[in-house]
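Quick look at model02.cif (mmCIF, C-alpha atoms):
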```
data_input
#
loop_
_atom_site.label_atom_id
_atom_site.label_comp_id
_atom_site.auth_asym_id
_atom_site.auth_seq_id
_atom_site.Cartn_x
_atom_site.Cartn_y
_atom_site.Cartn_z
CA MET K 15 172.73 -85.87 216.96
CA SER K 16 172.10 -89.25 215.29
CA ASN K 17 169.05 -89.95 213.13
CA ALA K 18 167.65 -92.22 215.84
CA GLU K 19 167.99 -89.45 218.43
CA THR K 20 166.40 -86.94 216.04
CA VAL K 21 163.41 -89.21 215.38
CA ARG K 22 162.93 -90.00 219.05
CA GLU K 23 163.11 -86.32 220.04
CA PHE K 24 160.57 -85.44 217.32
CA LEU K 25 158.12 -88.15 218.41
CA GLU K 26 158.41 -87.07 222.05
CA LYS K 27 157.24 -83.58 221.09
CA SER K 28 154.73 -84.50 218.38
CA PRO K 29 151.03 -85.36 218.29
CA LYS K 30 150.24 -89.01 218.79
CA GLY K 31 150.82 -91.16 215.73
CA VAL K 32 153.06 -89.82 212.96
CA CYS K 33 153.88 -91.66 209.72
CA ASP K 34 157.35 -92.22 208.25
CA ASP K 35 156.69 -89.75 205.40
CA CYS K 36 155.86 -86.87 207.76
CA ILE K 37 158.82 -87.67 210.01
CA SER K 38 161.09 -87.58 206.97
CA GLU K 39 159.64 -84.27 205.77
CA VAL K 40 159.78 -82.51 209.14
CA THR K 41 163.18 -83.81 210.31
CA ARG K 42 164.65 -83.71 206.77
CA ILE K 43 166.05 -87.21 207.18
CA GLU K 44 166.39 -88.57 203.65
CA PRO K 45 165.77 -90.87 201.93
CA ARG K 46 162.46 -91.83 203.55
CA GLN K 47 163.69 -95.44 203.76
CA GLN K 48 166.19 -94.23 206.34
CA VAL K 49 163.33 -93.14 208.60
CA TYR K 50 161.68 -96.55 208.16
CA GLN K 51 164.87 -98.34 209.20
CA VAL K 52 165.40 -96.05 212.19
CA CYS K 53 161.81 -96.54 213.35
CA ARG K 54 162.05 -100.31 213.00
CA ARG K 55 165.17 -100.34 215.18
CA LEU K 56 163.47 -98.12 217.76
CA GLU K 57 160.48 -100.47 217.71
CA GLU K 58 162.72 -103.49 218.29
CA ARG K 59 164.23 -101.74 221.32
CA GLY K 60 160.78 -100.99 222.69
CA THR K 61 161.29 -97.24 222.38
CA ILE K 62 158.30 -96.79 220.03
CA THR K 63 155.32 -98.77 218.82
CA ARG K 64 154.15 -98.99 215.20
CA GLY K 65 150.65 -99.65 213.88
CA LYS K 66 148.08 -98.66 211.27
CA ASP K 67 145.96 -95.56 211.93
CA ARG K 68 145.38 -92.01 210.67
CA CYS K 69 148.49 -89.82 210.81
CA ALA K 70 148.07 -86.78 213.09
CA LEU K 71 149.92 -84.57 210.58
CA CYS K 72 148.92 -85.58 207.04
CA GLY K 73 145.62 -87.30 207.91
CA HIS K 74 146.31 -90.39 205.78
CA THR K 75 145.95 -93.93 207.08
CA LYS K 76 149.47 -95.34 207.28
CA THR K 77 151.82 -97.13 209.62
CA LEU K 78 152.29 -94.70 212.51
CA ASN K 79 155.03 -94.31 215.06
CA VAL K 80 154.19 -93.55 218.69
CA ILE K 81 156.77 -92.98 221.40
CA GLY K 82 156.67 -95.62 224.10
CA ARG K 83 156.10 -94.91 227.77
CA SER K 84 159.19 -93.58 229.47
CA THR K 85 161.06 -96.17 231.50
CA SER K 86 162.72 -93.50 233.61
CA GLN K 87 159.76 -93.16 235.96
CA ALA K 88 160.61 -94.60 239.35
CA ASP K 89 158.98 -97.91 240.29
CA PRO K 90 156.33 -97.19 242.95
CA ALA K 91 157.64 -100.21 244.85
CA THR K 92 161.19 -98.83 245.05
CA PRO K 93 162.12 -98.40 248.73
CA LEU K 94 162.46 -94.83 249.96
CA LYS K 95 165.86 -93.49 250.88
CA VAL K 96 166.48 -92.46 254.46
CA GLY K 97 164.86 -89.09 255.10
CA GLN K 98 162.79 -89.21 251.88
CA ALA K 99 159.08 -88.56 252.37
CA ARG K 100 156.49 -90.45 250.34
CA VAL K 101 153.80 -88.30 248.69
CA GLU K 102 150.48 -90.10 249.09
CA PRO K 103 147.67 -89.58 246.52
CA SER K 104 145.37 -88.49 249.35
CA THR K 105 147.58 -85.51 250.25
CA VAL K 106 145.76 -82.17 249.82
CA ASP K 107 148.41 -80.83 247.43
CA ARG K 108 148.57 -83.99 245.34
CA VAL K 109 151.25 -84.30 242.70
CA ALA K 110 150.39 -85.89 239.37
CA VAL K 111 152.49 -88.17 237.26
CA ALA K 112 150.65 -87.43 234.02
CA SER K 113 151.19 -89.17 230.73
CA ILE K 114 150.54 -86.81 227.83
CA ASP K 115 150.92 -88.80 224.61
CA ASN K 116 153.07 -91.26 226.60
CA VAL K 117 155.49 -88.51 227.69
CA VAL K 118 155.69 -88.74 231.46
CA ILE K 119 155.43 -85.45 233.32
CA SER K 120 156.11 -85.70 237.05
CA GLY K 121 155.57 -83.12 239.74
CA MET K 122 152.55 -81.54 238.04
CA PRO K 123 149.38 -80.65 240.01
CA TRP K 124 146.48 -82.89 239.09
CA GLY K 125 144.28 -80.06 237.81
CA VAL K 126 146.97 -78.72 235.50
CA ALA K 127 147.80 -82.19 234.20
CA GLU K 128 144.14 -82.84 233.42
CA ARG K 129 143.71 -79.53 231.58
CA LEU K 130 146.86 -80.22 229.58
CA ARG K 131 145.60 -83.69 228.71
CA VAL K 132 142.27 -82.30 227.48
CA LEU K 133 143.88 -79.51 225.45
CA GLU K 134 146.38 -81.89 223.86
CA SER K 135 143.55 -84.28 222.98
CA GLN K 136 141.52 -81.50 221.35
CA ILE K 137 144.48 -80.34 219.23
CA ALA K 138 145.07 -83.94 218.17
CA GLN K 139 141.40 -84.13 217.11
CA LEU K 140 141.81 -80.94 215.08
CA LEU K 141 144.95 -82.21 213.34
CA GLY K 142 143.29 -85.54 212.65
CA SER K 143 140.11 -84.05 211.18
CA PRO K 144 139.43 -84.19 207.41
CA ALA K 145 140.93 -81.42 205.31
CA ILE K 146 138.22 -79.32 203.63
CA GLN K 147 139.28 -77.84 200.31
CA PHE K 148 138.35 -74.27 199.39
CA ASP K 149 136.36 -75.41 196.36
CA GLU K 150 132.71 -75.15 195.35
CA HIS K 151 131.76 -77.53 198.18
CA CYS K 152 133.59 -75.60 200.89
CA ARG K 153 130.70 -73.46 202.12
CA SER K 154 128.31 -76.38 202.52
CA ALA K 155 131.02 -78.51 204.16
CA LEU K 156 131.56 -75.96 206.93
CA PRO K 157 129.08 -76.06 209.84
CA GLU K 158 127.43 -73.05 211.42
CA ALA K 159 128.61 -74.32 214.78
CA HIS K 160 131.30 -72.39 216.66
CA GLY K 161 134.79 -73.81 217.08
CA ILE K 162 138.47 -73.52 216.16
CA TYR K 163 140.08 -73.87 212.74
CA ARG K 164 143.44 -74.33 211.07
CA ILE K 165 144.19 -73.25 207.48
CA PHE K 166 147.23 -74.91 205.92
CA ASP K 167 148.94 -76.07 202.74
CA PRO K 168 148.37 -79.87 202.43
CA THR K 169 151.78 -80.22 200.75
CA LYS K 170 153.36 -78.81 203.93
CA PRO K 171 151.26 -80.43 206.67
CA HIS K 172 153.65 -79.47 209.48
CA GLU K 173 153.14 -75.75 208.78
CA THR K 174 150.06 -73.65 209.57
CA VAL K 175 149.12 -70.58 207.53
CA ARG K 176 146.23 -69.26 209.66
CA ALA K 177 144.54 -70.44 212.83
CA GLY K 178 141.91 -69.04 215.14
CA ARG K 179 138.47 -69.40 216.66
CA THR K 180 134.96 -68.16 216.09
CA LYS K 181 133.59 -65.69 218.61
CA THR K 182 129.84 -65.10 218.88
CA ALA K 183 128.77 -64.00 215.39
CA ALA K 184 126.01 -65.95 213.66
CA GLY K 185 127.18 -68.51 211.14
CA GLY K 186 130.02 -69.89 213.25
CA LEU K 187 132.77 -71.66 211.33
CA ARG K 188 131.03 -71.22 207.98
CA GLN K 189 130.94 -67.46 208.45
CA ARG K 190 134.47 -67.16 209.81
CA VAL K 191 136.31 -69.44 207.40
CA TYR K 192 134.36 -69.09 204.17
CA GLN K 193 132.75 -65.67 204.33
CA ASN K 194 135.54 -63.84 206.15
CA HIS K 195 138.81 -65.51 205.17
CA LEU K 196 137.97 -66.56 201.60
CA MET K 197 135.46 -63.92 200.51
CA GLY K 198 136.06 -61.01 202.89
CA ASN K 199 138.47 -58.10 202.59
CA GLN K 200 138.67 -56.88 206.20
CA THR K 201 142.15 -56.22 207.57
CA GLY K 202 142.21 -59.20 209.94
CA ASN K 203 141.12 -61.77 207.38
CA LEU K 204 143.48 -64.08 205.53
CA ARG K 205 143.08 -62.51 202.08
CA ALA K 206 144.07 -59.06 203.37
CA GLN K 207 146.88 -60.54 205.46
CA LEU K 208 148.37 -62.27 202.40
CA VAL K 209 148.32 -58.97 200.49
CA ALA K 210 149.73 -56.95 203.39
CA ASP K 211 152.52 -59.50 203.80
CA GLY K 212 153.46 -59.29 200.12
CA ALA K 213 152.55 -62.91 199.44
CA CYS K 214 149.90 -61.77 196.93
CA ALA K 215 149.61 -58.64 194.80
CA ASP K 216 145.89 -58.10 195.42
CA LEU K 217 142.79 -59.60 197.01
CA GLU K 218 141.78 -61.56 193.90
CA MET K 219 145.19 -63.19 193.70
CA ALA K 220 144.92 -64.02 197.39
CA LYS K 221 141.54 -65.67 196.82
CA ARG K 222 143.01 -67.79 194.00
CA LEU K 223 145.91 -68.83 196.19
CA ILE K 224 143.56 -69.90 198.98
CA ARG K 225 141.29 -71.82 196.58
CA GLU K 226 144.11 -73.56 194.74
CA SER K 227 146.65 -74.22 197.49
CA LEU K 228 145.07 -74.28 200.93
CA ALA K 229 142.67 -76.37 202.97
CA VAL K 230 141.08 -76.05 206.40
CA GLN K 231 140.60 -78.34 209.38
CA ILE K 232 137.97 -77.57 212.00
CA LEU K 233 136.91 -78.66 215.47
CA PRO K 234 133.48 -77.59 216.77
CA VAL K 235 133.60 -76.28 220.36
CA ASP K 236 130.35 -74.95 221.79
CA ASP K 237 131.54 -73.20 224.95
CA GLU K 238 132.92 -69.71 224.29
CA GLU K 239 135.34 -69.67 227.23
CA GLU K 240 136.65 -73.12 226.30
CA ARG K 241 137.19 -71.93 222.70
CA THR K 242 139.20 -68.96 223.95
CA TRP K 243 141.57 -71.01 226.10
CA LEU K 244 141.87 -73.67 223.39
CA GLU K 245 142.78 -71.02 220.82
CA HIS K 246 145.61 -69.75 223.04
CA PHE K 247 146.96 -73.28 223.42
CA MET K 248 146.57 -74.01 219.70
CA LEU K 249 148.44 -70.87 218.66
CA GLY K 250 151.31 -71.76 220.96
CA VAL K 251 151.52 -75.28 219.53
CA LEU K 252 150.92 -74.61 215.82
CA ARG K 253 152.55 -71.16 215.62
CA PRO K 254 150.67 -70.08 212.48
CA ARG K 255 152.03 -67.48 210.08
CA TYR K 256 148.90 -65.36 210.60
CA CYS K 257 146.41 -65.02 213.43
CA ASP K 258 144.22 -62.32 214.99
#
```
Can the structure in the file be given as structure tokens, please?
Amino acid sequence: MSNAETVREFLEKSPKGVCDDCISEVTRIEPRQQVYQVCRRLEERGTITRGKDRCALCGHTKTLNVIGRSTSQADPATPLKVGQARVEPSTVDRVAVASIDNVVISGMPWGVAERLRVLESQIAQLLGSPAIQFDEHCRSALPEAHGIYRIFDPTKPHETVRAGRTKTAAGGLRQRVYQNHLMGNQTGNLRAQLVADGACADLEMAKRLIRESLAVQILPVDDEEERTWLEHFMLGVLRPRYCD
């Protein structure tokens, strides 16, 4: 597979708006200048668009690459072949042609396409949210609202260490992320998971690792059922090293 094909395939599967640095790191195309040249050629062909915004992976404002709308979708004005039935939007079992991050998905029921669009948008919001360091300001920076979270190493933005959701306990994200994962020692919390996995010798070492190396991104979500479904989707997309 050529570098151009690798970059295009990555952008088709990635959150909207990824910078050259992150593409280089994830695809291992080096030097980074090679990614820049590939993306410029893809832009000239109309395959992708480039513009300044916040990168969905690293969170920095840079020149981002976004895959262009697929040109393979049939023109609605194309005449039907003999014996081919046209599916009208008013049909009871309507079929969607949904564009999720400019990737065209045909033959999908409207309700499923809409749910997928919403879930993808929420994960993009999570990945684009500010990274909160586990320092002395961490506790006050975390809200007591309920939601989902992603703990990761900022030097490896394409990997996720721990992800999950709050349930119904008081304190919401502040309780779950700070009190449980950083300060707690229960089996299902990150400190204990790091020790059980052999990544750290004891709980104190695990706490130091979290404080010195990791950060967290959060997305408040009030509705408990919505949080549950969103967590399932998030875990499938991010595939964290640890979860509940």
Residues matched by the PyMOL selection byres ((chain K and resi 28-32) around 10), written as a PyMOL selection string: chain K and resi 22-27+33-37+63-74+76-81+114-116+134-135+137-139+141-142+251
Name the closest residue to K:Ala206 among the candidates K:Glu158, K:Glu218, K:Glu173, K:Glu239; distances are taken between atoms, counting all atoms listed in the file. K:Glu218
Please indicate the distance in Å from atom CA of K:Leu156 to atom CA of K:Gly212, rounded to one decimal place. 28.4 Å
Write out as number ranges by chain the residues lying within 6 Å of K:Ile232, counting all atoms listed in the file and excluding same-chain residues fewer than 6 positions away. K: 140, 162-163
Selection above as a file: C-alpha atoms, as a compact mmCIF listing (two decimals), keeping the file's coordinate frame:
```txt
# COMPACT_ATOMS: atom_id res chain seq x y z
CA LEU K 140 141.81 -80.94 215.08
CA ILE K 162 138.47 -73.52 216.16
CA TYR K 163 140.08 -73.87 212.74
```
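The space between atom CA of K:Gly178 and atom CA of K:Ile224 spans 16.3 Å.
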Calculate how many Å separate atom CA of K:Gln147 from atom CA of K:Arg176, rounding to one decimal.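 Distance between the two atoms: 14.5 Å.
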Give me the residues near K:Ser16 as an NGL selection string, where near means some atom within 12 Å (using only C-alpha atoms) and where sequence neighbours in that chain fewer than 6 positions away do not count. :K and (22-23 or 41 or 43 or 48-49 or 52)
